[in-house]
Structures are given as C-alpha cells and as structure tokens.
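Engineer: Would you mind keeping the following structure in view while I ask a few things?
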Amino acid sequence: VIAREPATLFAQAREGSRGALARLVTYVESGGTRQRESVAVAYASAPPYVVGLTGPPGAGKSTLTDRLITALLDRGHVGSTAIDQLGVLCVDPSSPFTGGAILGDRIRMQDHATNAAVFIRSMATRGHLGGLSLAVPDALRVLGAVGFHVALVETVGVGQMEVDIASAADTTVVVTNPGWGDAMQANKAGLLEVADLFVINKADRAGVRETRRDLEQMLDLGGAREWRPRIVETVAQSGEGTEALVDAIEAHQRYLATGELERARERRARVELDQVLALTLRARVTTLSGSEAYEAQVRALLAGTTDPYGAAEALLSR
Ligand SMILES: Nc1nc2c(ncn2[C@@H]2O[C@H](COP(=O)(O)OP(=O)(O)O)[C@@H](O)[C@H]2O)c(=O)[nH]1
Ligand SMILES: [Mg+2]
C-alpha cells in the first residue's frame with residue numbers, strides 16, 4: 001500500500017516503490033502542507049547530477065533522451081558518479097512520454113517505462129504557486145533524496161520558463177538541427193546562455209556543416225570563457241553519435257568537478273530563493289487584496305487618511 005505521509009513515502013520510495021516516488025512528485029507539483037513536508041525532506045539530501053536537454057519541438061529531444069537512457073545505463077557511470085538507476089522528467093506536451101508521438105516512439109519508451117532501473121515522469125501541471133520552474137527542481141531533489149544519482153530533464157526550449165528549467169540542470173544540452181536558425185531565432189540568446197553542449201541532431205540531413213559553422217561563430221562572439229560548449233552531431237533515430245554525446249557530457253562533468261559545480265549550484269540556490277520569495281509575496285498580495293483589512297485601507301485612501309505606501313506597509317506588517 002502506498003502511504004500518504006511524505007516521511008513514509010520517502011522510506012517506501014527508497015525501498016524501490018515507484019508508486020511512492022510518483023506520489024511524492026505529485027505532492028511537490030500540487031502545493032500545500034504535503035508539498036512543504038516533502039520538499040523539507042528532499043532538500044536534506046544531496047541533489048542528483050542533472051543533465052537537461054532543451055530545444056525546439058521536433059528537434060529529436062525525446063528520441064535522443066531515449067538513446068541516452070540506454071547509453072548511460074550501459075556505461076554504468078558518468079564520470080565518477082555511478083548510475084544504477086535513472087530518473088527522467090519530461091516537461092514537454094509534445095513528448096512521446098506524454099503520449100503525443102508516433103507509435104514507434106511510444107513502444108520504445110514503454111521498454112524503458114517497464115525497466116525497473118528507469119523512472120520516467122512527465123510534468124505538465126503548473127506546479128505550486130503557479131511555478132513549474134519550481135516544481136521541476138523540487139522533483140529533482142526528491143529524486144536525489146530517494147537515491148537517484150543522475151537525472152535527465154527534457155524541456156521544450158521555446159520560452160523563458162523553459163530556459164529557467166533548463167538552467168536547473170548541471171549540464172544543459174541544447175538540441176538543434178541542420179538549419180536550426182529559423183526554429184530558434186526567437187530565443188537564440190537565451191539558449192546560447194544556458195548551453196553547455198550543443199547537439200546537431202538529424203545529422204543525416206543536409207546542412208550540418210553550415211549549422212556547425214553558425215554555432216562556432218556565435219560561440220566566438222560570446223567571447224572567451226572557461227568552458228567552451230562542445231558541438232556534437234547525432235542521428236538519434238539510428239543512435240549514431242550517442243557515445244560521443246555521453247563523452248561530451250562526461251567532459252563537462254569533469255570541468256564542473258574543478259569547483260564550478262559548487263559555484264553553479266550557489267548561483268542557482270540564489271535564483272531559486274528569489275523565485276520562491278517573489279511567488280510567495282505575490283500569493284500573499286492576492287490573499288491580502290481579498291481581505292477586509294485591504295478594503296479598510298482602500299476606504300482610508302479614498303478618505304485621504306493614508307497614502308498607498310502607508311496602506312501597503314500597514315497590510316504587510318499584519
Ligand atoms: N531524420 C531524422 N529524424 C529524427 C532524428 N531524431 C529524431 N527524428 C524524428 O524527429 C521527430 C521528432 O522527434 P522527437 O524525439 O519526438 O522530438 P522532440 O519534440 O524534440 O522530443 C520524430 O519523428 C523522430 O523520429 C534524426 O536524427 N534524424
Ligand atoms: Mg519530446
């Protein structure tokens with residue numbers, strides 16, 4: 001029987017119950033006291049090493065994720081981190097994981113879905129406080145707390161929220177295709193900023209060399225930095241290039257191990273705290289503006305016995 005108490009669920013999930021783990025992820029998505037209890041437990045453990053894949057719809061992220069799952073489990077480690085099981089979160093309404101794809105993909109994913117070493121979960125709900133960009137890092141921490149050392153996150157890289165989620169990864173892989181410029185134009189700068197690695201997937205198509213040249217040029221314009229994103233060519237459909245991608249991921253992880261991982265995680269902790277603060281305050285504003293005290297301050301404003309700053313201070317100090 002799957003428990004309802006977060007503490008018991010963590011114990012069950014650590015014993016291998018996927019049902020318990022799924023319920024914990026639902027809790028962190030849903031908000032309320034169970035979310036708070038779950039997150040409190042989750043953040044007491046080390047986070048997993050997270051590889052994020054992002055890019056436009058149809059770029060081949062799911063097909064590539066599928067390849068990565070197999071390759072990582074086969075390798076059994078990424079750098080010095082052992083991989084005995086793999087957590088996969090998909091934030092992508094068009095993903096095969098959520099049933100939106102062709103039959104072949106779905107059958108392939110089902111192979112993994114029944115593999116005890118793989119936990120696949122799609123996240124599409126808005127999350128507590130209205131922030132999916134909070135629910136995803138929380139779910140990753142839940143994975144870490146139940147013993148997953150490595151996790152993959154697939155997100156459609158189209159908007160700021162997706163870029164936020166992608167930046168919750170330790171290694172972010174931006175998946176492009178030959179002729180990528182058009183599909184990515186809108187968010188090129190954002191994707192360039194989060195990319196630790198570039199993949200030119202569908203390298204079986206024409207235009208690979210031009211796309212590589214474009215990417216190299218953009219990286220040159222970005223100036224010198226300690227880590228220059230590698231560019232890997234893949235044909236996810238056939239699996240070609242998967243090993244090179246895993247090698248590139250390991251190379252980035254080695255770079256992170258020089259101290260950059262701690263710095264990146266500190267930056268992210270600040271971003272996450274800012275996000276939670278902002279969302280919490282906004283939720284508080286919504287509650288306040290429906291209250292009796294708020295109405296009293298409106299009347300006082302109209303009567304000229306207070307000003308908006310005084311009124312806001314009075315409400316917030318309650
Ligand atoms: N030609 C070709 N097609 C691919 C390749 N990788 C994926 N596809 C196809 O591209 C389509 C979109 O793939 P999918 O993984 O669902 O993309 P996502 O939306 O980024 O997750 C599917 O029909 C795949 O079979 C590839 O390397 N070459
Ligand atoms: Mg997909």
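The way I read the labels, and the way they are meant: chains A, B, ... in the order of the structure tokens, residue 1 as the first residue of every chain, and ligand 1 as the first ligand shown, with later ones counted on from there.
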Could you pull the residues within 9 Å of A:Asn177, counting only C-alpha atoms, minus those fewer than 2 positions along the same chain, as a ChimeraX atom specification?

Structural biologist: /A:59-60,175,179-181,183,199-203,205,207-208,211

Engineer: For A:Gln253, list every protein, DNA or RNA residue within 7 Å, evaluated using only C-alpha atoms, and leave out those in the same chain fewer than 4 positions away; present the list as a ChimeraX atom specification.

Structural biologist: /A:79,249,257

Engineer: Only N, CA, C and O atoms, please: the residues just picked out, written as a compact mmCIF listing (two decimals), in the first residue's frame.

Structural biologist:
# COMPACT_ATOMS: atom_id res chain seq x y z
N GLY A 79 31.33 9.99 -15.38
CA GLY A 79 32.48 10.41 -14.58
C GLY A 79 32.60 9.46 -13.40
O GLY A 79 32.53 8.24 -13.56
N ILE A 249 29.28 14.89 -22.38
CA ILE A 249 28.64 15.12 -21.07
C ILE A 249 29.66 14.86 -19.96
O ILE A 249 29.81 15.64 -19.03
N ALA A 257 33.70 19.46 -11.97
CA ALA A 257 34.34 18.91 -10.78
C ALA A 257 35.53 19.75 -10.31
O ALA A 257 36.06 19.53 -9.22

Engineer: As an NGL selection string, please: the residues near A:Ala311 (cut-off 10 Å, only C-alpha atoms, same-chain neighbours under 4 positions excluded).

Structural biologist: :A and (293-294 or 296-298 or 300-301 or 305-307 or 315-316)

Engineer: Between A:Arg267, A:Ala224, A:Gly147, A:Thr287, which one has atoms that come closest to A:Ala46, using only C-alpha atoms?

Structural biologist: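 The answer is A:Gly147, which sits nearest to A:Ala46.
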
Engineer: Using the chain letters and numbers from this document, which residues of stretch 134-251 of chain A does DSSP assign to helix (DSSP H, G or I), as number ranges by chain?

Structural biologist: A: 134-145, 160-166, 181-194, 208-221, 242-251

Engineer: Pick the closest to A:Pro6 from A:Ile69, A:Val142, A:Val51, A:Leu277: which is it, counting only C-alpha atoms?

Structural biologist: A:Val142

Engineer: So that I can see what lies close to A:Glu154, please list as a VMD selection string the residues with an atom at most 9 Å from it, counting only C-alpha atoms and leaving out residues fewer than 6 positions away in the same chain.

Structural biologist: chain A and resid 51 to 55 61 to 62 65 88 to 92 95 166

Engineer: Store the residues picked out above in a file with all heavy atoms, as a short mmCIF file (atom, residue, chain, number, x, y, z; two decimals), in the first residue's frame.

Structural biologist:
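So the final result, stored in again_34.cif, reads:
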data_model
loop_
_atom_site.label_atom_id
_atom_site.label_comp_id
_atom_site.auth_asym_id
_atom_site.auth_seq_id
_atom_site.Cartn_x
_atom_site.Cartn_y
_atom_site.Cartn_z
N VAL A 51 21.31 16.24 -16.09
CA VAL A 51 21.56 16.59 -17.49
C VAL A 51 20.24 17.05 -18.10
O VAL A 51 19.26 16.31 -18.08
CB VAL A 51 22.11 15.39 -18.29
CG1 VAL A 51 22.33 15.77 -19.75
CG2 VAL A 51 23.41 14.88 -17.66
N GLY A 52 20.20 18.27 -18.59
CA GLY A 52 18.99 18.81 -19.20
C GLY A 52 19.11 18.81 -20.72
O GLY A 52 20.18 19.12 -21.26
N LEU A 53 18.03 18.44 -21.39
CA LEU A 53 18.00 18.55 -22.85
C LEU A 53 16.91 19.53 -23.22
O LEU A 53 15.77 19.38 -22.80
CB LEU A 53 17.70 17.21 -23.52
CG LEU A 53 18.81 16.17 -23.43
CD1 LEU A 53 18.56 15.23 -22.27
CD2 LEU A 53 18.89 15.38 -24.72
N THR A 54 17.26 20.54 -24.00
CA THR A 54 16.26 21.51 -24.39
C THR A 54 16.44 21.86 -25.86
O THR A 54 17.48 21.59 -26.44
CB THR A 54 16.33 22.76 -23.47
OG1 THR A 54 15.18 23.56 -23.70
CG2 THR A 54 17.58 23.57 -23.71
N GLY A 55 15.40 22.43 -26.46
CA GLY A 55 15.44 22.73 -27.88
C GLY A 55 14.02 22.79 -28.41
O GLY A 55 13.08 22.45 -27.69
N LYS A 61 14.55 15.64 -29.19
CA LYS A 61 14.95 15.54 -27.79
C LYS A 61 14.52 14.21 -27.17
O LYS A 61 15.31 13.57 -26.48
CB LYS A 61 14.34 16.69 -26.98
CG LYS A 61 14.79 18.07 -27.42
CD LYS A 61 14.13 19.15 -26.61
CE LYS A 61 12.62 19.18 -26.78
NZ LYS A 61 12.18 19.42 -28.17
N SER A 62 13.28 13.81 -27.42
CA SER A 62 12.79 12.57 -26.81
C SER A 62 13.52 11.35 -27.37
O SER A 62 13.88 10.44 -26.62
CB SER A 62 11.28 12.42 -27.03
OG SER A 62 10.60 13.46 -26.38
N THR A 65 16.86 11.44 -25.80
CA THR A 65 16.76 11.07 -24.39
C THR A 65 16.69 9.56 -24.26
O THR A 65 17.37 8.95 -23.42
CB THR A 65 15.50 11.72 -23.75
OG1 THR A 65 15.59 13.13 -23.87
CG2 THR A 65 15.37 11.35 -22.28
N VAL A 88 13.98 10.36 -15.10
CA VAL A 88 13.77 11.17 -16.30
C VAL A 88 12.51 12.01 -16.13
O VAL A 88 11.43 11.46 -15.93
CB VAL A 88 13.64 10.28 -17.56
CG1 VAL A 88 13.54 11.13 -18.82
CG2 VAL A 88 14.80 9.29 -17.67
N LEU A 89 12.67 13.33 -16.19
CA LEU A 89 11.50 14.22 -16.13
C LEU A 89 11.31 14.86 -17.49
O LEU A 89 12.28 15.31 -18.10
CB LEU A 89 11.70 15.32 -15.07
CG LEU A 89 11.95 14.88 -13.64
CD1 LEU A 89 12.11 16.11 -12.73
CD2 LEU A 89 10.82 14.00 -13.13
N CYS A 90 10.07 14.89 -17.96
CA CYS A 90 9.78 15.48 -19.27
C CYS A 90 8.80 16.62 -19.11
O CYS A 90 7.70 16.43 -18.61
CB CYS A 90 9.16 14.44 -20.18
SG CYS A 90 10.20 13.02 -20.36
N VAL A 91 9.23 17.79 -19.52
CA VAL A 91 8.36 18.95 -19.47
C VAL A 91 8.12 19.34 -20.92
O VAL A 91 8.77 20.22 -21.45
CB VAL A 91 9.02 20.11 -18.69
CG1 VAL A 91 8.00 21.19 -18.39
CG2 VAL A 91 9.66 19.60 -17.42
N ASP A 92 7.23 18.60 -21.55
CA ASP A 92 7.08 18.74 -22.99
C ASP A 92 5.74 18.14 -23.42
O ASP A 92 5.59 16.93 -23.45
CB ASP A 92 8.24 18.01 -23.68
CG ASP A 92 8.11 18.07 -25.20
OD1 ASP A 92 7.13 18.62 -25.71
OD2 ASP A 92 9.02 17.55 -25.86
N SER A 95 5.77 15.46 -26.08
CA SER A 95 6.71 14.35 -25.87
C SER A 95 6.06 12.98 -26.01
O SER A 95 4.91 12.79 -25.61
CB SER A 95 7.31 14.47 -24.47
OG SER A 95 7.92 13.25 -24.11
N ALA A 166 15.73 24.66 -17.85
CA ALA A 166 16.98 24.11 -18.39
C ALA A 166 18.15 24.51 -17.51
O ALA A 166 19.08 23.73 -17.31
CB ALA A 166 17.19 24.61 -19.82
#

Engineer: Which residues are near A:Val50? Cut-off 12 Å, only C-alpha atoms, ignore same chain within fewer than 5 positions. Put them as number ranges by chain.

Structural biologist: A: 78, 81, 86-89, 136-137, 139-141, 143-144, 148-154, 165-173, 249-250, 252-253, 256, 261, 265
